[in-house]
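**Student:** The structure file input-v5.cif (mmCIF, C-alpha atoms) is provided below.
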```cif
data_start
loop_
_atom_site.label_atom_id
_atom_site.label_comp_id
_atom_site.auth_asym_id
_atom_site.auth_seq_id
_atom_site.Cartn_x
_atom_site.Cartn_y
_atom_site.Cartn_z
CA MET W 116 16.83 3.50 -12.24
CA SER W 117 13.83 5.32 -13.68
CA ASP W 118 10.78 3.19 -14.30
CA LYS W 119 10.12 5.28 -17.37
CA LYS W 120 13.35 4.15 -19.01
CA LYS W 121 12.72 0.54 -18.03
CA LYS W 122 9.22 0.67 -19.43
CA ALA W 123 10.44 2.29 -22.65
CA PHE W 124 13.14 -0.34 -23.08
CA SER W 125 10.72 -3.10 -22.23
CA GLU W 126 8.59 -1.94 -25.17
CA ILE W 127 11.63 -1.93 -27.42
CA TYR W 128 12.57 -5.40 -26.17
CA ASN W 129 9.15 -6.91 -26.81
CA LYS W 130 8.93 -5.25 -30.20
CA TYR W 131 12.25 -6.49 -31.54
CA VAL W 132 13.20 -9.63 -29.59
CA ASN W 133 11.63 -12.00 -32.13
CA GLY W 134 13.35 -10.32 -35.07
CA ILE W 135 16.74 -10.13 -33.38
CA PHE W 136 16.47 -13.79 -32.31
CA ARG W 137 15.55 -14.88 -35.82
CA PHE W 138 18.33 -12.80 -37.36
CA ILE W 139 20.90 -14.44 -35.07
CA PHE W 140 19.43 -17.93 -35.29
CA LEU W 141 19.70 -17.90 -39.06
CA LYS W 142 23.41 -17.18 -38.72
CA VAL W 143 24.47 -19.53 -35.88
CA ASP W 144 24.30 -23.24 -35.27
CA SER W 145 21.97 -23.74 -32.34
CA ARG W 146 18.98 -22.36 -30.50
CA GLN W 147 21.10 -22.20 -27.34
CA THR W 148 23.68 -20.00 -29.03
CA ALA W 149 20.97 -17.83 -30.60
CA GLU W 150 19.34 -17.33 -27.19
CA ASP W 151 22.63 -16.44 -25.52
CA LEU W 152 23.61 -13.97 -28.22
CA THR W 153 20.12 -12.42 -28.31
CA SER W 154 20.21 -12.01 -24.55
CA GLU W 155 23.66 -10.41 -24.81
CA THR W 156 22.39 -8.08 -27.56
CA PHE W 157 19.61 -6.72 -25.39
CA LEU W 158 21.83 -6.52 -22.33
CA LYS W 159 24.28 -4.32 -24.25
CA GLY W 160 21.39 -2.40 -25.75
CA TRP W 161 19.92 -1.74 -22.31
CA ARG W 162 23.28 -0.57 -20.94
CA ALA W 163 23.58 1.94 -23.78
CA PHE W 164 19.93 2.94 -23.57
CA LYS W 165 19.94 3.76 -19.87
CA ILE W 166 22.95 6.07 -20.06
CA GLN W 167 21.87 7.94 -23.18
CA ASN W 168 21.41 11.68 -22.95
CA PRO W 169 20.25 14.32 -25.50
CA ILE W 170 23.70 14.30 -27.12
CA SER W 171 24.24 10.55 -27.27
CA LYS W 172 20.60 9.63 -27.85
CA ILE W 173 20.02 6.45 -29.84
CA LYS W 174 18.06 7.67 -32.85
CA ASN W 175 17.05 4.27 -34.16
CA PRO W 176 16.92 1.60 -31.44
CA ARG W 177 16.10 -1.16 -33.93
CA ALA W 178 19.10 -0.45 -36.17
CA PHE W 179 21.27 -0.09 -33.06
CA LEU W 180 20.21 -3.51 -31.76
CA TYR W 181 20.79 -5.20 -35.11
CA LYS W 182 24.29 -3.71 -35.25
CA ILE W 183 25.06 -5.14 -31.82
CA ALA W 184 23.63 -8.52 -32.83
CA ARG W 185 25.70 -8.58 -35.97
CA ASN W 186 28.91 -7.80 -34.09
CA LEU W 187 28.19 -10.47 -31.49
CA VAL W 188 27.74 -13.11 -34.20
CA VAL W 189 31.09 -12.11 -35.72
CA ASP W 190 32.76 -12.38 -32.28
CA HIS W 191 31.10 -15.75 -31.76
CA TYR W 192 32.56 -17.20 -34.94
CA ARG W 193 35.94 -15.65 -34.24
CA ARG W 194 36.09 -17.49 -30.91
CA LYS W 195 34.75 -20.76 -32.36
CA SER W 196 37.33 -20.87 -35.13
CA ARG W 197 40.01 -21.59 -32.53
CA PHE W 198 38.88 -25.20 -32.25
CA ARG W 199 40.01 -27.45 -35.07
CA ILE W 200 39.55 -31.17 -35.55
CA ILE W 201 42.98 -32.67 -36.22
CA SER W 202 42.37 -36.25 -37.17
CA ILE W 203 39.35 -37.89 -38.73
CA GLU W 204 40.34 -41.33 -37.36
CA ASN W 205 40.47 -40.06 -33.79
CA ILE W 206 37.17 -38.27 -33.87
CA LYS W 207 34.63 -39.85 -31.60
CA PHE W 208 32.17 -37.07 -32.25
CA ILE W 209 31.41 -36.08 -35.79
CA ARG W 210 29.52 -32.84 -36.04
CA ASP W 211 26.80 -33.03 -38.63
CA PRO W 212 27.47 -29.99 -40.81
CA LYS W 213 23.75 -29.52 -41.48
CA ASN W 214 23.10 -29.85 -37.73
CA LEU W 215 19.52 -30.92 -38.38
CA GLU W 216 18.92 -32.06 -34.84
CA GLU W 217 19.67 -28.64 -33.42
CA LYS W 218 17.13 -26.85 -35.56
CA MET W 219 13.81 -25.81 -34.09
CA ASN W 220 11.60 -28.43 -35.75
CA LEU W 221 11.86 -26.65 -39.07
CA ASP W 222 9.72 -28.24 -41.72
CA LEU W 223 11.26 -29.21 -45.04
CA ASP W 224 10.30 -25.97 -46.78
CA MET W 225 11.89 -23.79 -44.14
CA LEU W 226 14.94 -26.01 -44.00
CA ARG W 227 15.32 -25.72 -47.76
CA ILE W 228 15.20 -21.95 -47.79
CA LYS W 229 17.44 -21.72 -44.73
CA THR W 230 20.03 -24.02 -46.30
CA VAL W 231 19.99 -22.03 -49.54
CA LEU W 232 20.20 -18.74 -47.67
CA SER W 233 23.28 -19.96 -45.82
CA LYS W 234 25.06 -20.37 -49.17
CA LEU W 235 24.94 -16.64 -49.82
CA GLN W 236 27.70 -14.31 -48.71
CA ASP W 237 27.16 -13.00 -45.18
CA THR W 238 26.24 -9.46 -46.19
CA ASN W 239 23.79 -10.60 -48.88
CA GLN W 240 22.23 -13.02 -46.45
CA GLU W 241 21.81 -10.25 -43.91
CA ILE W 242 20.25 -7.88 -46.42
CA ILE W 243 17.66 -10.49 -47.38
CA ILE W 244 16.85 -11.30 -43.75
CA LEU W 245 16.58 -7.65 -42.74
CA ARG W 246 14.49 -6.67 -45.74
CA TYR W 247 12.09 -9.56 -46.15
CA LEU W 248 11.88 -11.05 -42.68
CA ASP W 249 12.28 -8.02 -40.48
CA ASP W 250 10.80 -5.44 -42.87
CA LEU W 251 13.54 -2.90 -42.37
CA SER W 252 13.79 0.06 -44.73
CA PHE W 253 16.77 0.48 -47.05
CA SER W 254 18.03 3.38 -44.98
CA GLU W 255 17.92 1.27 -41.79
CA ILE W 256 19.71 -1.60 -43.50
CA ALA W 257 22.31 0.82 -44.85
CA GLU W 258 22.90 2.11 -41.31
CA ILE W 259 23.26 -1.38 -39.85
CA LEU W 260 25.65 -2.58 -42.54
CA ASP W 261 27.49 0.71 -42.87
CA LYS W 262 26.80 0.96 -46.60
CA SER W 263 25.02 3.44 -48.85
CA GLU W 264 21.35 2.89 -49.61
CA ASN W 265 22.21 2.44 -53.25
CA ALA W 266 24.75 -0.25 -52.44
CA VAL W 267 22.12 -2.06 -50.38
CA ARG W 268 19.60 -1.97 -53.24
CA VAL W 269 22.15 -3.32 -55.71
CA ALA W 270 23.29 -6.02 -53.29
CA LEU W 271 19.67 -7.06 -52.64
CA SER W 272 18.97 -7.44 -56.34
CA ARG W 273 22.09 -9.59 -56.80
CA ALA W 274 21.28 -11.63 -53.69
CA LEU W 275 17.80 -12.41 -54.99
CA ASP W 276 19.23 -13.54 -58.34
CA LYS W 277 21.68 -15.80 -56.56
CA LEU W 278 18.97 -17.13 -54.27
CA LYS W 279 16.73 -17.89 -57.24
CA GLN W 280 19.54 -19.83 -58.89
CA GLU W 281 20.29 -21.80 -55.70
CA LEU W 282 16.62 -22.60 -55.09
CA GLU W 283 16.20 -23.91 -58.60
CA GLU W 284 19.24 -26.17 -58.22
CA PHE W 285 18.56 -27.26 -54.64
CA THR W 286 18.12 -30.88 -53.61
CA PHE W 287 18.35 -32.42 -50.09
CA MET L 44 10.96 -18.63 -60.33
CA LYS L 45 9.51 -15.13 -60.02
CA GLU L 46 10.75 -12.61 -57.47
CA ALA L 47 7.42 -12.62 -55.65
CA GLU L 48 7.64 -16.41 -55.27
CA ILE L 49 11.17 -16.19 -53.89
CA ILE L 50 10.12 -13.56 -51.37
CA LYS L 51 7.20 -15.76 -50.34
CA GLU L 52 9.64 -18.63 -49.77
CA ILE L 53 11.92 -16.44 -47.69
CA GLN L 54 9.02 -15.22 -45.58
CA LYS L 55 8.27 -18.77 -44.47
CA LEU L 56 11.20 -18.27 -42.13
CA LYS L 57 9.11 -15.76 -40.18
CA GLU L 58 7.79 -18.79 -38.34
CA ILE L 59 11.11 -19.02 -36.52
CA GLN L 60 10.41 -17.63 -33.06
CA PRO L 61 12.12 -17.77 -29.70
CA ARG L 62 10.54 -19.71 -26.83
CA GLN L 63 8.06 -17.53 -24.97
CA GLU L 64 9.25 -18.53 -21.50
CA TRP L 65 12.82 -17.67 -22.50
CA VAL L 66 11.63 -14.25 -23.77
CA SER L 67 9.93 -13.50 -20.43
CA LEU L 68 12.81 -14.74 -18.27
CA THR L 69 15.36 -12.83 -20.32
CA GLU L 70 13.41 -9.60 -19.95
CA ILE L 71 13.38 -10.10 -16.19
CA ARG L 72 17.10 -10.79 -16.13
CA ILE L 73 17.97 -7.72 -18.17
CA LEU L 74 15.63 -5.24 -16.55
CA GLY L 75 15.68 -6.71 -13.06
CA GLU L 76 11.92 -7.01 -12.98
CA SER L 77 9.21 -6.68 -15.60
CA PRO L 78 8.07 -3.03 -15.71
CA LYS L 79 4.63 -4.41 -16.51
CA ILE L 80 4.26 -5.59 -12.91
CA SER L 81 1.69 -3.37 -11.32
CA PRO L 82 2.79 -1.39 -8.25
CA PHE L 83 -0.38 -2.74 -6.66
CA VAL L 84 0.79 -6.35 -6.97
CA PHE L 85 0.11 -6.95 -3.26
CA PHE L 86 -3.58 -6.78 -4.13
CA LYS L 87 -3.18 -9.98 -6.22
CA PRO L 88 -3.82 -13.31 -4.50
CA VAL L 89 -0.76 -14.31 -2.47
CA LEU L 90 -1.19 -17.95 -3.52
CA ILE L 91 -0.57 -17.16 -7.20
CA GLY L 92 2.58 -15.24 -6.34
CA ALA L 93 3.89 -17.97 -4.06
CA LEU L 94 3.10 -20.65 -6.65
CA SER L 95 4.91 -18.77 -9.43
CA LEU L 96 7.90 -18.23 -7.17
CA GLY L 97 7.89 -21.89 -6.25
CA VAL L 98 7.81 -22.98 -9.90
CA LEU L 99 10.57 -20.53 -10.80
CA MET L 100 12.75 -21.67 -7.90
CA GLY L 101 12.09 -25.27 -8.85
CA LEU L 102 13.13 -24.56 -12.42
CA PHE L 103 16.28 -22.76 -11.31
CA PHE L 104 17.15 -25.67 -9.04
CA ILE L 105 16.61 -28.28 -11.76
CA SER L 106 18.54 -26.18 -14.27
CA GLN L 107 21.75 -26.47 -12.22
CA ASN L 108 22.30 -29.99 -13.60
CA SER L 109 21.59 -29.03 -17.18
CA LEU L 110 24.20 -29.17 -19.93
CA PRO L 111 24.86 -26.94 -22.94
CA GLY L 112 22.16 -27.65 -25.49
CA ASP L 113 19.51 -28.49 -22.86
CA SER L 114 16.39 -26.35 -22.77
CA LEU L 115 17.02 -25.26 -19.14
CA TYR L 116 20.68 -24.41 -19.68
CA SER L 117 19.96 -20.74 -20.24
CA LEU L 118 18.38 -20.65 -16.77
CA LYS L 119 21.61 -22.00 -15.33
CA LYS L 120 23.53 -19.23 -17.09
CA ILE L 121 21.10 -16.63 -15.75
CA THR L 122 21.77 -17.87 -12.20
CA GLU L 123 25.52 -17.61 -12.73
CA ARG L 124 25.27 -14.10 -14.15
CA THR L 125 23.10 -13.03 -11.24
CA ARG L 126 25.63 -14.43 -8.74
CA ARG L 127 28.43 -12.59 -10.52
CA VAL L 128 26.79 -9.25 -9.73
CA PHE L 129 27.48 -9.85 -6.02
CA VAL L 130 31.13 -10.83 -6.48
CA SER L 131 33.68 -8.13 -5.64
CA ALA L 132 36.15 -7.00 -8.30
CA GLU L 133 39.05 -8.71 -6.48
CA LYS L 134 37.24 -12.06 -6.45
CA ARG L 135 36.03 -11.94 -10.06
CA PRO L 136 39.03 -13.72 -11.62
CA GLU L 137 38.63 -16.57 -9.15
CA PHE L 138 34.85 -16.67 -9.74
CA GLN L 139 35.35 -16.72 -13.48
CA LEU L 140 37.97 -19.46 -13.24
CA LYS L 141 35.52 -21.58 -11.25
CA LEU L 142 32.92 -21.04 -14.01
CA THR L 143 35.47 -22.18 -16.59
CA GLU L 144 36.08 -25.24 -14.44
CA LYS L 145 32.33 -25.86 -14.54
CA ARG L 146 32.27 -25.53 -18.33
CA LEU L 147 35.07 -28.08 -18.52
CA SER L 148 33.19 -30.48 -16.32
CA GLU L 149 30.07 -30.07 -18.51
CA LEU L 150 32.19 -30.79 -21.56
CA GLN L 151 33.63 -33.86 -19.83
CA GLU L 152 30.11 -35.10 -19.04
CA ILE L 153 29.01 -34.65 -22.66
CA VAL L 154 32.09 -36.58 -23.83
CA GLU L 155 31.38 -39.40 -21.37
CA LYS L 156 27.72 -39.57 -22.42
CA ASN L 157 28.86 -39.63 -26.06
CA ASP L 158 26.41 -36.90 -27.04
CA PRO L 159 27.72 -35.20 -30.19
CA ARG L 160 24.70 -32.89 -30.54
CA LYS L 161 25.75 -30.94 -27.46
CA LEU L 162 29.46 -30.87 -28.20
CA SER L 163 29.36 -27.73 -30.31
CA SER L 164 27.41 -25.81 -27.65
CA ALA L 165 29.75 -27.03 -24.92
CA LEU L 166 32.85 -25.95 -26.83
CA SER L 167 31.28 -22.58 -27.53
CA GLU L 168 30.44 -22.11 -23.83
CA LEU L 169 33.99 -23.05 -22.86
CA SER L 170 35.44 -20.59 -25.34
CA ASP L 171 33.23 -17.79 -23.99
CA SER L 172 34.14 -18.60 -20.41
CA LYS L 173 37.87 -18.56 -21.18
CA ALA L 174 37.53 -15.20 -22.90
CA ASN L 175 35.72 -13.79 -19.84
CA THR L 176 38.40 -15.22 -17.55
CA LYS L 177 41.15 -13.50 -19.51
CA LYS L 178 39.21 -10.24 -19.36
CA GLU L 179 38.80 -10.45 -15.58
CA ILE L 180 42.45 -11.36 -15.03
CA SER L 181 43.58 -8.41 -17.18
CA LYS L 182 41.25 -6.05 -15.33
CA ALA L 183 42.44 -7.27 -11.94
CA LYS L 184 46.06 -6.90 -13.00
CA ASP L 185 45.45 -3.36 -14.24
CA ASN L 186 43.90 -2.48 -10.87
CA SER L 187 46.67 -4.31 -8.98
CA ASN L 188 44.04 -6.67 -7.59
CA LEU L 189 45.36 -9.93 -8.95
CA ASP L 190 45.91 -12.66 -6.34
CA LEU L 191 48.50 -14.64 -8.29
CA GLU L 192 48.99 -17.16 -5.51
CA LYS L 193 45.38 -18.25 -5.81
CA ILE L 194 44.78 -17.69 -9.53
CA ALA L 195 47.85 -19.23 -11.12
CA PRO L 196 47.27 -22.83 -9.88
CA MET L 197 43.62 -22.60 -10.95
CA VAL L 198 44.67 -21.50 -14.45
CA LYS L 199 47.14 -24.38 -14.65
CA LYS L 200 44.52 -26.91 -13.57
CA ASN L 201 42.02 -25.66 -16.16
CA ILE L 202 44.60 -25.73 -18.94
CA GLU L 203 45.57 -29.30 -18.11
CA THR L 204 41.95 -30.47 -17.85
CA GLU L 205 41.06 -28.81 -21.16
CA LYS L 206 44.03 -30.40 -22.92
CA GLN L 207 43.10 -33.82 -21.55
CA ILE L 208 39.46 -33.59 -22.65
CA LEU L 209 40.18 -32.17 -26.11
CA THR L 210 42.91 -34.75 -26.76
CA SER L 211 40.51 -37.55 -25.83
CA ILE L 212 38.10 -36.48 -28.57
CA GLY L 213 40.66 -35.55 -31.19
CA ILE L 214 40.22 -31.81 -31.13
CA GLU L 215 43.11 -29.41 -31.10
CA ASN L 216 42.83 -25.98 -29.58
CA GLU L 217 44.39 -23.69 -32.17
CA GLU L 218 46.96 -21.28 -30.85
CA GLU L 219 45.28 -18.20 -29.47
CA LYS L 220 46.98 -14.87 -30.01
CA GLU L 221 47.04 -14.24 -26.27
CA PRO L 222 46.65 -17.57 -24.49
CA SER L 223 45.94 -17.51 -20.76
CA GLU L 224 49.22 -19.23 -19.92
CA LYS L 225 51.18 -16.47 -21.69
CA LEU L 226 49.29 -13.82 -19.74
CA ILE L 227 49.82 -15.48 -16.38
CA ALA L 228 53.42 -16.47 -17.14
CA ASP L 229 54.16 -12.84 -17.90
CA TYR L 230 52.59 -11.69 -14.61
CA LEU L 231 54.38 -14.38 -12.61
CA ILE L 232 57.78 -13.57 -14.15
CA LYS L 233 57.38 -9.84 -13.50
CA ASP L 234 56.27 -10.60 -9.95
CA LEU L 235 59.28 -12.85 -9.33
CA GLU L 236 61.71 -10.30 -10.76
CA THR L 237 60.80 -7.91 -7.94
CA ALA L 238 61.15 -10.52 -5.20
CA SER L 239 64.25 -11.82 -3.45
CA LEU L 240 64.69 -15.41 -4.56
CA THR L 241 66.56 -18.53 -3.55
CA GLU L 242 69.06 -20.08 -5.95
CA LYS L 243 66.52 -22.68 -7.06
CA GLN L 244 63.95 -19.98 -7.75
CA GLU L 245 66.50 -17.95 -9.71
CA ILE L 246 67.22 -20.97 -11.92
CA LEU L 247 63.50 -21.58 -12.51
CA LEU L 248 62.95 -17.90 -13.27
CA THR L 249 65.77 -17.87 -15.82
CA GLU L 250 64.38 -21.01 -17.47
CA ALA L 251 60.86 -19.52 -17.44
CA LYS L 252 62.12 -16.38 -19.17
CA GLU L 253 63.96 -18.42 -21.81
CA CYS L 254 60.86 -20.49 -22.54
CA PHE L 255 58.78 -17.31 -22.73
CA GLU L 256 61.14 -15.76 -25.26
CA GLN L 257 61.00 -18.92 -27.35
CA GLY L 258 57.21 -18.80 -27.33
CA ASP L 259 56.81 -21.92 -25.18
CA TYR L 260 54.31 -20.25 -22.88
CA GLN L 261 53.12 -23.43 -21.27
CA SER L 262 56.61 -24.32 -20.03
CA ALA L 263 57.24 -20.72 -19.04
CA PHE L 264 54.02 -20.73 -17.04
CA SER L 265 54.80 -24.07 -15.40
CA LYS L 266 58.33 -23.04 -14.34
CA ALA L 267 57.26 -19.59 -13.17
CA LEU L 268 54.43 -21.14 -11.18
CA ASP L 269 56.80 -23.64 -9.52
CA ALA L 270 59.12 -20.79 -8.57
CA SER L 271 56.20 -18.75 -7.21
CA GLN L 272 54.82 -21.59 -5.16
CA MET L 273 58.18 -22.01 -3.47
CA GLN L 274 57.96 -18.35 -2.60
CA TYR L 275 54.45 -18.55 -1.15
CA LYS L 276 55.25 -21.51 1.10
#
```
Show me this structure written as structure tokens.

**Tutor:**
Amino acid sequence: MSDKKKKAFSEIYNKYVNGIFRFIFLKVDSRQTAEDLTSETFLKGWRAFKIQNPISKIKNPRAFLYKIARNLVVDHYRRKSRFRIISIENIKFIRDPKNLEEKMNLDLDMLRIKTVLSKLQDTNQEIIILRYLDDLSFSEIAEILDKSENAVRVALSRALDKLKQELEEFTF
Amino acid sequence: MKEAEIIKEIQKLKEIQPRQEWVSLTEIRILGESPKISPFVFFKPVLIGALSLGVLMGLFFISQNSLPGDSLYSLKKITERTRRVFVSAEKRPEFQLKLTEKRLSELQEIVEKNDPRKLSSALSELSDSKANTKKEISKAKDNSNLDLEKIAPMVKKNIETEKQILTSIGIENEEEKEPSEKLIADYLIKDLETASLTEKQEILLTEAKECFEQGDYQSAFSKALDASQMQYK
């Protein structure tokens, strides 16, 4: 395997690993899961990257990686939904829905915004994360979410309004 | 609240970062080695290299006892994935079934230690492992590589163990669209249909087929497995 390709992908990895991890972490329930899915994202990305040729060249590696990450999170929740708790009386383990202990020592401010963000619809949540945390352009976000740029702009505006409303009403 | 203030709030989440040692280890796992390593590494002091290797090996060794949710668990998974690379295609279903058995034993340990924080991770790991097992079994079947005699009892054991653990903590595994027992029951039945059978085996095969048609895949699997095991003895 060419060192050139490895080096190129290594640069991509180091550039985007924090953003991809954060994107996934904000959508799943534990650091462990976020690490596993992030690792899987880059593994799939690397597999695609090393076989690309002039025809199948990945034009935007960042958007490509976010698309993979997004799909992996969907698959993760699809698999998880198979387990269902049948009886409250028989439960020895009660999963804390806020799952505070699994968070990465988030301070109260971060926890507040994260909790409020999780109340938005998935797509709106993603648009906010991609735009304001990962600084993606509207065209990149449109590519990742398979929407038009205009639709992304409209959705972002609505998401911010909803977020504002939730923040103003929020209490722990 | 103004838009600028909301954006400022959101951007506080930029502080969420992955662990640096995980970032480095994951890069090594994906790319095989860090491309940043200089080709002239043999010029570096041997002691530093040996020490790093020793620490890494120590960490890998310690990680083998870690459980889902532990900080070293991802190292354990890295070791398993690395081992998988060296497993032949024919042996992959068996390898994957043994990993599922491991996930079950981790789940059992978490249940016994009464540690609810790790339960979600353990269930997620189990689910992933089962999905990978099904994939490997399907692949092996498509390539006519499936060693039913070895695989079927392992599947049965895992199903029984899983049921026992989940029942003990009041969790029900919702019906999967393509449960493992349906897959294996189907393979076993087709395998038996091409073999010459004793009267007892014929009866079991007929019962297995009836159960399969009624959607009782667990019974179908159990009866087909009993019939098969008579054949293999």

**Student:** Got a sec: who's within 8 Å of Tyr247 of chain W, counting only C-alpha atoms, leaving out chain neighbours fewer than 5 positions off, as a ChimeraX atom specification?

**Tutor:** /L:50,53-54

**Student:** Set the distance at 10 Å and use all atoms listed in the file: which residues neighbour segment 237-239 of chain W once local chain neighbours fewer than 4 positions away are removed? I'd like the list as a PDB file with C-alpha atoms, keeping the file's coordinate frame.

**Tutor:**
```pdb
ATOM      1  CA  LYS W 142      23.410 -17.180 -38.720  1.00  0.00           C
ATOM      2  CA  LEU W 232      20.200 -18.740 -47.670  1.00  0.00           C
ATOM      3  CA  SER W 233      23.280 -19.960 -45.820  1.00  0.00           C
ATOM      4  CA  ILE W 243      17.660 -10.490 -47.380  1.00  0.00           C
ATOM      5  CA  ILE W 244      16.850 -11.300 -43.750  1.00  0.00           C
ATOM      6  CA  LEU W 245      16.580  -7.650 -42.740  1.00  0.00           C
ATOM      7  CA  LEU W 260      25.650  -2.580 -42.540  1.00  0.00           C
ATOM      8  CA  VAL W 267      22.120  -2.060 -50.380  1.00  0.00           C
ATOM      9  CA  ALA W 270      23.290  -6.020 -53.290  1.00  0.00           C
ATOM     10  CA  LEU W 271      19.670  -7.060 -52.640  1.00  0.00           C
ATOM     11  CA  SER W 272      18.970  -7.440 -56.340  1.00  0.00           C
ATOM     12  CA  ARG W 273      22.090  -9.590 -56.800  1.00  0.00           C
ATOM     13  CA  ALA W 274      21.280 -11.630 -53.690  1.00  0.00           C
ATOM     14  CA  LEU W 275      17.800 -12.410 -54.990  1.00  0.00           C
ATOM     15  CA  LYS W 277      21.680 -15.800 -56.560  1.00  0.00           C
ATOM     16  CA  LEU W 278      18.970 -17.130 -54.270  1.00  0.00           C
TER      17      LEU W 278
END
```

**Student:** Hey, list the chain L side of the contact with chain W: 9 Å cut-off, only C-alpha atoms, answer as a ChimeraX atom specification.

**Tutor:** /L:44-46,49-61,65-66,69-70,72-74,77-79,111-114,116-117,120,154,157-164,166-168,170-171,174,211-219

**Student:** Which value, in Å to one decimal, gives the distance between atom CA of Glu48 of chain L and atom CA of Glu284 of chain W?

**Tutor:**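 Computing the Euclidean distance for atom CA of Glu48 of chain L and atom CA of Glu284 of chain W yields 15.4 Å.
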
**Student:** Please check which residues have atoms at most 10 Å from (19.0, -1.7, -43.3) in the file's coordinates, counting all atoms listed in the file, and write them as a VMD selection string.

**Tutor:** chain W and resid 177 to 178 181 to 182 241 to 246 249 to 264 267 to 268

**Student:** At a cut-off of 12 Å around the point (44.8, -18.0, -7.4) (file coordinates), what residues fall inside when counting only C-alpha atoms? I'd like the answer as a ChimeraX atom specification.

**Tutor:** /L:133-141,180,183,188-201,227,231,268,271-272,275

**Student:** Work out how far apart atom CA of Leu247 of chain L and atom CA of Leu226 of chain L are and give it in Å to one decimal.

**Tutor:** 17.7 Å

**Student:** So how many Å separate atom CA of Phe164 of chain W and atom CA of Leu187 of chain W, to one decimal?

**Tutor:** 17.6 Å

**Student:** Can you tell me, as a list in words, what residues are no more than 7 Å from Gln151 of chain L when counting all atoms listed in the file, ignoring any on the same chain fewer than 4 positions away?

**Tutor:**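 Listing them by chain and then by number gives Leu147, Glu155 and Ile208 of chain L.
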
**Student:** Using only C-alpha atoms, which residue out of L:Thr125, L:Ala132, L:Phe103, L:Lys173 lies closest to Arg146 of chain L?

**Tutor:**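 Among L:Thr125, L:Ala132, L:Phe103, L:Lys173, it is L:Lys173 that comes nearest to Arg146 of chain L.
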